[in-house]
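Structure, as structure tokens:
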Amino acid sequence: MKVAVLKETRLGERRVALVPMGVKSLLKAGLDVTVQAGAGLAASISDQEYEEAGATVAATAADALRDAGMVLSVNAPSLEDVAGMSEGTILVSFLTPLTHTELVRALAEAKITGIAMELVPRITRAQSMDALSSQATVAGYKAVLLAADHLPKFLPMLTTAAGTIRPAKALILGAGVAGLQAIATARRLGAVVLAFDVRPAVKEQVESLGASFLEADAEVAAEGEGEGGYAKELSADQHEKELTLLAGAIADCDIVITTAQIPGRTAPLLVTEEMVESMRPGSVIVDLASESGGNCALTKSGATVLAHGVQILGPVNLAAGIPVHASQMYSKNIVTLISEFIGEEGRVELDMENDVVGPSTVTHDGQVTNERVQNALSAS
Ligand code: NAD
């Protein structure tokens with residue numbers, strides 16, 4: 001079966017869905033791979049490297065898609081590309097299916113099996129297929145580099161002949177995958193790091209990275225722990241207590257990196273304008289939740305705001321900023337996921353009872369198969 005890898009078209013995207021190492025794995029599994037010309041260039045991979053790994057290079061997306069049984073991409077393909085796919089094609093990509101309803105309808109109508117990388121269940125067995133985690137790791141790292149670049153100070157303590165420099169202080173809000181990587185990166189750069197999360201279970205992980213955990217009221221801690229390791233929304237009363245806790249810590253911080261998210265909800269507000277005003281001029285906030293509403297009241301998604309002398313960055317798609325390793329990790333995730341439904345000699349054996357493939361599949365055989373996506377479609 002022919003597997004097509006598309007060149008990404010999203011503005012600012014530099015990742016590619018499959019790297020040459022992934023091509024070799026798919027060939028070994030009995031599949032053929034065709035890569036659209038230039039697909040890997042922004043991730044420093046030439047067409048020649050793909051050819052050397054055993055792939056065929058096609059001049060255009062339409063050429064790559066012709067007769068393909070499977071299509072791989074990072075961002076959801078355009079409706080035009082979907083129109084170029086044949087009935088029964090399997091599309092594996094981030095699809096944002098809960099909001100991208102037009103695409104879901106188009107996939108169902110064209111009888112394309114859509115497998116959404118963001119719906120891979122976060123169970124232990126599927127960790128190596130979890131692209132949300134791999135890309136959040138990249139974003140957490142990059143967020144600290146951005147903050148360091150915008151801060152008019154050093155991060156580490158320096159003892160020099162020209163005097164002693166005190167280390168910068170960083171506060172990381174939300175200690176999930178991105179937050180933990182941000183903590184580790186800020187520590188490596190020598191900052192003093194504080195962190196907070198509503199899930200008290202992460203205290204130990206935060207401390208093992210050399211950061212201090214802000215202790216919340218026991219009630220906030222009891223309320224924040226949701227299902228499956230995720231957070232749940234706090235009541236207005238507990239949220240108020242959290243804001244009081246953060247207001248007490250933020251004024252003394254040079255860097256604040258916010259990563260707090262609640263699955264399926266607008267991101268919680270954690271940094272108010274008064275808190276921004278309380279910070280020293282020159283301080284930097286990087287809001288990783290900017291695409292889902294933002295954790296800071298002043299964040300503008302995709303822009304940098306200067307308010308009260310503080311720079312507030314609302315970056316989008318940070319993972320695209322480290323395209324080589326982000327692509328390598330995504331490619332590994334996708335190859336492992338594909339191996340769940342490729343049998344002997346590259347035969348497709350899609351089993352909706354499979355505990356990873358079933359929940360990740362959005363459309364199959366002309367139907368929308370995922371319940372949450374069905375609900376989102378009826379509501380739209
Ligand atoms: P996420 O992006 O949904 O949220 C980021 C963090 O924000 C979470 O740690 C959450 O607790 C925190 N948060 C939410 N509301 C907050 C608030 N009001 N104040 C402060 N913090 C708040 O989460 P994520 O990084 O995708 O993952 C969260 C957890 O899911 C992980 O830490 C882990 O336990 C679990 N997980 C499991 C697997 C697996 O087993 N395969 C993979 C990934 C994640």
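Following the order of the structure tokens, first chain is A, next is B, and so on, with residues numbered from 1 inside each chain and ligands from 1 in the order they appear.
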Using backbone DSSP assignments, extract all alpha helix (DSSP H) residues from stretch 297-345 of chain A; output them as a VMD selection string. chain A and resid 323 to 338
Tell me, as a PDB file with all heavy atoms, in the first residue's frame, which residues lie within 7 Å of stretch 39-51 of chain A, counting only C-alpha atoms; anything in the same chain fewer than 6 positions away does not count.
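Output below, filename part.pdb:
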```
ATOM      1  N   LEU A   6       2.436  14.471   3.159  1.00  0.00           N
ATOM      2  CA  LEU A   6       2.190  15.781   2.536  1.00  0.00           C
ATOM      3  C   LEU A   6       3.116  16.855   3.088  1.00  0.00           C
ATOM      4  O   LEU A   6       3.549  16.794   4.244  1.00  0.00           O
ATOM      5  CB  LEU A   6       0.736  16.206   2.778  1.00  0.00           C
ATOM      6  CG  LEU A   6      -0.328  15.319   2.138  1.00  0.00           C
ATOM      7  CD1 LEU A   6      -1.715  15.869   2.434  1.00  0.00           C
ATOM      8  CD2 LEU A   6      -0.114  15.212   0.631  1.00  0.00           C
ATOM      9  N   LYS A   7       3.370  17.853   2.256  1.00  0.00           N
ATOM     10  CA  LYS A   7       4.099  19.044   2.696  1.00  0.00           C
ATOM     11  C   LYS A   7       3.093  19.907   3.458  1.00  0.00           C
ATOM     12  O   LYS A   7       1.984  20.137   2.966  1.00  0.00           O
ATOM     13  CB  LYS A   7       4.619  19.769   1.457  1.00  0.00           C
ATOM     14  CG  LYS A   7       5.410  21.021   1.714  1.00  0.00           C
ATOM     15  CD  LYS A   7       6.023  21.445   0.366  1.00  0.00           C
ATOM     16  CE  LYS A   7       6.375  22.895   0.279  1.00  0.00           C
ATOM     17  NZ  LYS A   7       7.403  23.383   1.114  1.00  0.00           N
ATOM     18  N   GLU A   8       3.462  20.341   4.655  1.00  0.00           N
ATOM     19  CA  GLU A   8       2.535  21.117   5.481  1.00  0.00           C
ATOM     20  C   GLU A   8       2.300  22.500   4.874  1.00  0.00           C
ATOM     21  O   GLU A   8       3.231  23.113   4.337  1.00  0.00           O
ATOM     22  CB  GLU A   8       3.103  21.274   6.896  1.00  0.00           C
ATOM     23  CG  GLU A   8       3.313  19.962   7.623  1.00  0.00           C
ATOM     24  CD  GLU A   8       2.020  19.220   7.906  1.00  0.00           C
ATOM     25  OE1 GLU A   8       1.030  19.875   8.276  1.00  0.00           O
ATOM     26  OE2 GLU A   8       2.014  17.985   7.764  1.00  0.00           O
ATOM     27  N   ARG A  14       6.802  24.149  10.296  1.00  0.00           N
ATOM     28  CA  ARG A  14       8.100  23.697   9.771  1.00  0.00           C
ATOM     29  C   ARG A  14       8.290  22.196   9.985  1.00  0.00           C
ATOM     30  O   ARG A  14       9.319  21.635   9.645  1.00  0.00           O
ATOM     31  CB  ARG A  14       9.229  24.468  10.458  1.00  0.00           C
ATOM     32  CG  ARG A  14       9.211  25.950  10.086  1.00  0.00           C
ATOM     33  CD  ARG A  14      10.048  26.780  11.028  1.00  0.00           C
ATOM     34  NE  ARG A  14      11.464  26.472  10.901  1.00  0.00           N
ATOM     35  CZ  ARG A  14      12.378  26.831  11.803  1.00  0.00           C
ATOM     36  NH1 ARG A  14      12.023  27.492  12.879  1.00  0.00           N
ATOM     37  NH2 ARG A  14      13.639  26.515  11.630  1.00  0.00           N
ATOM     38  N   ARG A  15       7.279  21.552  10.607  1.00  0.00           N
ATOM     39  CA  ARG A  15       7.439  20.118  10.870  1.00  0.00           C
ATOM     40  C   ARG A  15       6.995  19.290   9.664  1.00  0.00           C
ATOM     41  O   ARG A  15       6.322  19.782   8.770  1.00  0.00           O
ATOM     42  CB  ARG A  15       6.597  19.715  12.093  1.00  0.00           C
ATOM     43  CG  ARG A  15       7.061  20.343  13.388  1.00  0.00           C
ATOM     44  CD  ARG A  15       6.058  20.126  14.511  1.00  0.00           C
ATOM     45  NE  ARG A  15       4.816  20.843  14.277  1.00  0.00           N
ATOM     46  CZ  ARG A  15       3.750  20.772  15.029  1.00  0.00           C
ATOM     47  NH1 ARG A  15       3.749  19.987  16.096  1.00  0.00           N
ATOM     48  NH2 ARG A  15       2.660  21.466  14.751  1.00  0.00           N
ATOM     49  N   VAL A  16       7.378  18.015   9.693  1.00  0.00           N
ATOM     50  CA  VAL A  16       6.930  17.067   8.676  1.00  0.00           C
ATOM     51  C   VAL A  16       6.494  15.802   9.431  1.00  0.00           C
ATOM     52  O   VAL A  16       7.031  15.486  10.498  1.00  0.00           O
ATOM     53  CB  VAL A  16       8.061  16.789   7.647  1.00  0.00           C
ATOM     54  CG1 VAL A  16       9.315  16.207   8.291  1.00  0.00           C
ATOM     55  CG2 VAL A  16       7.581  15.870   6.533  1.00  0.00           C
ATOM     56  N   PRO A  20      13.057  10.379   7.584  1.00  0.00           N
ATOM     57  CA  PRO A  20      13.606   9.222   6.863  1.00  0.00           C
ATOM     58  C   PRO A  20      13.660   7.937   7.700  1.00  0.00           C
ATOM     59  O   PRO A  20      13.400   6.838   7.176  1.00  0.00           O
ATOM     60  CB  PRO A  20      15.003   9.701   6.456  1.00  0.00           C
ATOM     61  CG  PRO A  20      14.815  11.177   6.252  1.00  0.00           C
ATOM     62  CD  PRO A  20      13.868  11.596   7.334  1.00  0.00           C
ATOM     63  N   VAL A  57       9.720  10.452  -4.364  1.00  0.00           N
ATOM     64  CA  VAL A  57       9.344  11.850  -4.187  1.00  0.00           C
ATOM     65  C   VAL A  57       8.380  12.245  -5.301  1.00  0.00           C
ATOM     66  O   VAL A  57       8.651  12.002  -6.475  1.00  0.00           O
ATOM     67  CB  VAL A  57      10.602  12.757  -4.163  1.00  0.00           C
ATOM     68  CG1 VAL A  57      10.213  14.228  -4.157  1.00  0.00           C
ATOM     69  CG2 VAL A  57      11.456  12.425  -2.937  1.00  0.00           C
ATOM     70  N   PRO A 323      11.795  22.243  14.616  1.00  0.00           N
ATOM     71  CA  PRO A 323      11.201  21.282  13.686  1.00  0.00           C
ATOM     72  C   PRO A 323      11.933  19.950  13.566  1.00  0.00           C
ATOM     73  O   PRO A 323      11.291  18.929  13.299  1.00  0.00           O
ATOM     74  CB  PRO A 323      11.202  22.030  12.354  1.00  0.00           C
ATOM     75  CG  PRO A 323      12.223  23.099  12.496  1.00  0.00           C
ATOM     76  CD  PRO A 323      12.247  23.476  13.939  1.00  0.00           C
ATOM     77  N   VAL A 324      13.248  19.944  13.756  1.00  0.00           N
ATOM     78  CA  VAL A 324      13.981  18.681  13.569  1.00  0.00           C
ATOM     79  C   VAL A 324      13.527  17.655  14.608  1.00  0.00           C
ATOM     80  O   VAL A 324      13.069  16.553  14.272  1.00  0.00           O
ATOM     81  CB  VAL A 324      15.511  18.912  13.644  1.00  0.00           C
ATOM     82  CG1 VAL A 324      16.251  17.585  13.697  1.00  0.00           C
ATOM     83  CG2 VAL A 324      15.971  19.733  12.450  1.00  0.00           C
TER      84      VAL A 324
END
```
Wanna dump the chain A-ligand 1 contacts at 7 Å for me, each residue with its shortest atom pair and the distance in Å to one decimal, counting only C-alpha atoms and all ligand atoms, ordered by chain and number, as a tab-separated table?
```
residue	atom	partner	partner_atom_place_in_ligand_line	distance
A:Arg122	CA	ligand 1	41 (N)	3.7
A:Ile123	CA	ligand 1	41 (N)	4.4
A:Thr124	CA	ligand 1	40 (O)	4.5
A:Ala126	CA	ligand 1	41 (N)	5.9
A:Gln127	CA	ligand 1	41 (N)	4.2
A:Asp130	CA	ligand 1	41 (N)	6.6
A:Leu132	CA	ligand 1	26 (O)	6.7
A:Ser133	CA	ligand 1	43 (C)	5.4
A:Leu173	CA	ligand 1	20 (C)	5.5
A:Gly174	CA	ligand 1	21 (N)	3.7
A:Ala175	CA	ligand 1	9 (O)	4.4
A:Gly176	CA	ligand 1	9 (O)	3.3
A:Val177	CA	ligand 1	25 (O)	3.8
A:Ala178	CA	ligand 1	25 (O)	5.7
A:Gly179	CA	ligand 1	6 (C)	6.9
A:Phe196	CA	ligand 1	20 (C)	5.8
A:Asp197	CA	ligand 1	21 (N)	3.7
A:Val198	CA	ligand 1	20 (C)	4.7
A:Arg199	CA	ligand 1	11 (O)	5.1
A:Gly228	CA	ligand 1	35 (C)	6.7
A:Gly229	CA	ligand 1	34 (O)	4.2
A:Tyr230	CA	ligand 1	28 (C)	4.9
A:Ala231	CA	ligand 1	11 (O)	4.1
A:Lys232	CA	ligand 1	15 (N)	6.5
A:Glu233	CA	ligand 1	15 (N)	6.5
A:Leu234	CA	ligand 1	18 (N)	6.5
A:His239	CA	ligand 1	18 (N)	6.9
A:Thr259	CA	ligand 1	5 (C)	5.4
A:Ala260	CA	ligand 1	7 (O)	3.2
A:Gln261	CA	ligand 1	4 (O)	4.0
A:Ile262	CA	ligand 1	3 (O)	5.1
A:Pro263	CA	ligand 1	3 (O)	5.3
A:Pro268	CA	ligand 1	18 (N)	5.4
A:Leu270	CA	ligand 1	18 (N)	6.7
```
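Each of A:Val305, A:Ile250, A:Ile338, A:Ile255 was checked against A:Val271 using only C-alpha atoms; the smallest atom-to-atom distance is that of A:Ile250.
When only C-alpha atoms are used to compute distances to A:Leu155, the closest of the residues A:Lys142, A:Arg187, A:Arg10, A:Arg105 turns out to be A:Arg187.
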For a quick check of understanding, using only C-alpha atoms, which of A:Val120, A:Leu103, A:Ala61, A:Ile115 has the smallest distance to A:Val362? A:Ile115
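Using only C-alpha atoms, the shortest contact distance between A:Leu72 and any of A:Val373, A:Val138, A:Ala29, A:Val335 is found at A:Val335.
For the residues A:Gly302, A:Lys2, A:Gly321, A:Pro281, ranking by smallest atom-to-atom distance to A:Leu26 using only C-alpha atoms places A:Lys2 first.
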A:Thr299: which residues within 8 Å, counting only C-alpha atoms, same-chain residues fewer than 6 positions away excluded, as a PyMOL selection string? chain A and resi 287+290+305+312-314
Hey, what's within 9 Å of A:Leu145 if we count only C-alpha atoms and toss same-chain stuff fewer than 4 positions away? As number ranges by chain, please? A: 141, 149-150, 185-186
Create the file for the chosen residues now, containing all heavy atoms and written as a PDB file, in the first residue's frame.
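This is the output file part10.pdb:
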```
ATOM      1  N   TYR A 141       9.910  23.412  26.392  1.00  0.00           N
ATOM      2  CA  TYR A 141      11.328  23.768  26.270  1.00  0.00           C
ATOM      3  C   TYR A 141      11.476  25.118  25.561  1.00  0.00           C
ATOM      4  O   TYR A 141      12.154  26.029  26.038  1.00  0.00           O
ATOM      5  CB  TYR A 141      12.017  22.649  25.479  1.00  0.00           C
ATOM      6  CG  TYR A 141      13.420  22.912  25.011  1.00  0.00           C
ATOM      7  CD1 TYR A 141      14.510  22.723  25.865  1.00  0.00           C
ATOM      8  CD2 TYR A 141      13.669  23.345  23.714  1.00  0.00           C
ATOM      9  CE1 TYR A 141      15.808  22.950  25.423  1.00  0.00           C
ATOM     10  CE2 TYR A 141      14.960  23.576  23.263  1.00  0.00           C
ATOM     11  CZ  TYR A 141      16.026  23.376  24.119  1.00  0.00           C
ATOM     12  OH  TYR A 141      17.295  23.601  23.678  1.00  0.00           O
ATOM     13  N   ASP A 149      15.150  34.805  26.051  1.00  0.00           N
ATOM     14  CA  ASP A 149      15.545  35.714  24.982  1.00  0.00           C
ATOM     15  C   ASP A 149      14.931  37.106  25.178  1.00  0.00           C
ATOM     16  O   ASP A 149      15.534  38.104  24.808  1.00  0.00           O
ATOM     17  CB  ASP A 149      15.096  35.110  23.637  1.00  0.00           C
ATOM     18  CG  ASP A 149      15.734  35.812  22.463  1.00  0.00           C
ATOM     19  OD1 ASP A 149      16.852  36.330  22.640  1.00  0.00           O
ATOM     20  OD2 ASP A 149      15.123  35.855  21.390  1.00  0.00           O
ATOM     21  N   HIS A 150      13.728  37.169  25.734  1.00  0.00           N
ATOM     22  CA  HIS A 150      13.058  38.461  25.915  1.00  0.00           C
ATOM     23  C   HIS A 150      13.423  39.134  27.245  1.00  0.00           C
ATOM     24  O   HIS A 150      13.173  40.322  27.414  1.00  0.00           O
ATOM     25  CB  HIS A 150      11.534  38.284  25.838  1.00  0.00           C
ATOM     26  CG  HIS A 150      11.053  38.151  24.425  1.00  0.00           C
ATOM     27  ND1 HIS A 150      11.219  36.997  23.696  1.00  0.00           N
ATOM     28  CD2 HIS A 150      10.454  39.028  23.595  1.00  0.00           C
ATOM     29  CE1 HIS A 150      10.719  37.180  22.475  1.00  0.00           C
ATOM     30  NE2 HIS A 150      10.255  38.397  22.394  1.00  0.00           N
ATOM     31  N   THR A 185      13.921  22.906  31.918  1.00  0.00           N
ATOM     32  CA  THR A 185      14.744  23.779  31.062  1.00  0.00           C
ATOM     33  C   THR A 185      15.178  25.031  31.832  1.00  0.00           C
ATOM     34  O   THR A 185      16.336  25.435  31.758  1.00  0.00           O
ATOM     35  CB  THR A 185      13.947  24.150  29.793  1.00  0.00           C
ATOM     36  OG1 THR A 185      13.498  22.939  29.181  1.00  0.00           O
ATOM     37  CG2 THR A 185      14.789  24.922  28.805  1.00  0.00           C
ATOM     38  N   ALA A 186      14.248  25.621  32.571  1.00  0.00           N
ATOM     39  CA  ALA A 186      14.585  26.825  33.343  1.00  0.00           C
ATOM     40  C   ALA A 186      15.628  26.496  34.413  1.00  0.00           C
ATOM     41  O   ALA A 186      16.534  27.284  34.680  1.00  0.00           O
ATOM     42  CB  ALA A 186      13.328  27.409  33.975  1.00  0.00           C
TER      43      ALA A 186
END
```
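With only C-alpha atoms as the atoms that count, the minimum distance from A:Leu246 to the choices A:Leu189, A:Leu171, A:Ala62, A:Ala182 is reached by A:Leu171.
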Would you mind reading off the distance between atom CA of A:Ala68 and atom CA of A:Val348, one decimal, in Å? 12.9 Å
I need the residues in stretch 199-375 of chain A that are strand (DSSP E or B) according to DSSP; give them as a count of residues only. 30
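Put simply, atom CA of A:Asp365 is 8.8 Å away from atom CA of A:Glu87.
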Which residues are close to A:Thr361, i.e. within 9 Å by only C-alpha atoms, leaving aside same-chain residues fewer than 6 positions away? Reply as a ChimeraX atom specification. /A:113-116,119-120,352,368-370
Selection above as a file: N, CA, C and O atoms, as a tab-separated table (two decimals), in the first residue's frame:
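The result, written out as selection.tsv:
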```tsv
chain	number	residue	atom	x	y	z
A	113	THR	N	-11.12	7.15	6.37
A	113	THR	CA	-10.96	6.85	7.79
A	113	THR	C	-10.03	7.90	8.39
A	113	THR	O	-8.85	7.95	8.03
A	114	GLY	N	-10.56	8.74	9.25
A	114	GLY	CA	-9.76	9.81	9.86
A	114	GLY	C	-9.31	9.38	11.25
A	114	GLY	O	-10.13	9.08	12.11
A	115	ILE	N	-8.00	9.33	11.45
A	115	ILE	CA	-7.46	8.99	12.78
A	115	ILE	C	-6.79	10.24	13.32
A	115	ILE	O	-5.88	10.79	12.70
A	116	ALA	N	-7.31	10.74	14.46
A	116	ALA	CA	-6.86	12.03	15.00
A	116	ALA	C	-5.80	11.80	16.07
A	116	ALA	O	-6.08	11.17	17.09
A	119	LEU	N	-6.57	12.42	19.68
A	119	LEU	CA	-7.51	11.54	20.40
A	119	LEU	C	-6.86	10.22	20.84
A	119	LEU	O	-7.53	9.37	21.42
A	120	VAL	N	-5.57	10.06	20.59
A	120	VAL	CA	-4.88	8.85	21.08
A	120	VAL	C	-5.03	8.83	22.60
A	120	VAL	O	-4.71	9.81	23.27
A	352	MET	N	-11.69	-1.73	15.25
A	352	MET	CA	-12.24	-0.65	16.09
A	352	MET	C	-12.33	-1.06	17.56
A	352	MET	O	-12.61	-0.25	18.43
A	368	VAL	N	-19.38	9.05	11.34
A	368	VAL	CA	-18.57	9.69	12.38
A	368	VAL	C	-18.64	8.73	13.56
A	368	VAL	O	-19.71	8.45	14.11
A	369	THR	N	-17.49	8.16	13.93
A	369	THR	CA	-17.50	7.04	14.88
A	369	THR	C	-17.23	7.47	16.32
A	369	THR	O	-17.46	6.71	17.24
A	370	ASN	N	-16.70	8.68	16.51
A	370	ASN	CA	-16.34	9.10	17.86
A	370	ASN	C	-17.51	9.88	18.49
A	370	ASN	O	-18.00	10.84	17.89
```
Could you give me, as a compact mmCIF listing (two decimals) with N, CA and C atoms, in the first residue's frame, the residues within 9 Å of A:Phe341, counting only C-alpha atoms and dropping anything in the same chain fewer than 6 positions from it?
```txt
# COMPACT_ATOMS: atom_id res chain seq x y z
N ARG A 347 -0.50 -5.46 5.19
CA ARG A 347 -1.96 -5.51 5.06
C ARG A 347 -2.62 -4.68 6.16
N VAL A 348 -3.65 -3.89 5.80
CA VAL A 348 -4.34 -3.08 6.80
C VAL A 348 -5.36 -3.92 7.55
N GLU A 349 -5.27 -3.91 8.88
CA GLU A 349 -6.23 -4.67 9.69
C GLU A 349 -6.82 -3.73 10.73
N LEU A 350 -7.70 -2.85 10.27
CA LEU A 350 -8.29 -1.86 11.19
C LEU A 350 -9.27 -2.55 12.12
N ASP A 351 -9.03 -2.46 13.42
CA ASP A 351 -9.91 -3.11 14.39
C ASP A 351 -10.41 -2.05 15.36
N ASN A 354 -9.70 -2.27 19.03
CA ASN A 354 -8.35 -1.97 19.54
C ASN A 354 -8.44 -0.74 20.45
N VAL A 357 -6.70 2.37 18.56
CA VAL A 357 -7.24 2.72 17.24
C VAL A 357 -8.71 3.14 17.34
```
What is the distance between atom CA of A:Gly88 and atom CA of A:Gly54, in Å to one decimal? 24.9 Å
Name all residues at most 8 Å from A:Ala139 (count only C-alpha atoms; drop same-chain ones fewer than 6 positions away) and give them as a VMD selection string. chain A and resid 178 288 317 to 319
Would you output that residue set with N, CA and C atoms, as a PDB file, in the first residue's frame?
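Once everything was written out, this is again06.pdb:
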```
ATOM      1  N   ALA A 178       4.080  19.960  29.277  1.00  0.00           N
ATOM      2  CA  ALA A 178       4.815  21.174  28.881  1.00  0.00           C
ATOM      3  C   ALA A 178       5.424  21.850  30.109  1.00  0.00           C
ATOM      4  N   LEU A 288       1.366  29.702  27.224  1.00  0.00           N
ATOM      5  CA  LEU A 288       1.247  28.576  26.285  1.00  0.00           C
ATOM      6  C   LEU A 288      -0.206  28.186  26.048  1.00  0.00           C
ATOM      7  N   ASN A 317       1.654  27.435  18.172  1.00  0.00           N
ATOM      8  CA  ASN A 317       2.400  26.356  17.505  1.00  0.00           C
ATOM      9  C   ASN A 317       3.906  26.409  17.785  1.00  0.00           C
ATOM     10  N   LEU A 318       4.252  26.470  19.074  1.00  0.00           N
ATOM     11  CA  LEU A 318       5.666  26.563  19.445  1.00  0.00           C
ATOM     12  C   LEU A 318       6.478  25.356  19.001  1.00  0.00           C
ATOM     13  N   ALA A 319       5.826  24.201  18.912  1.00  0.00           N
ATOM     14  CA  ALA A 319       6.559  22.977  18.547  1.00  0.00           C
ATOM     15  C   ALA A 319       7.194  23.110  17.169  1.00  0.00           C
TER      16      ALA A 319
END
```
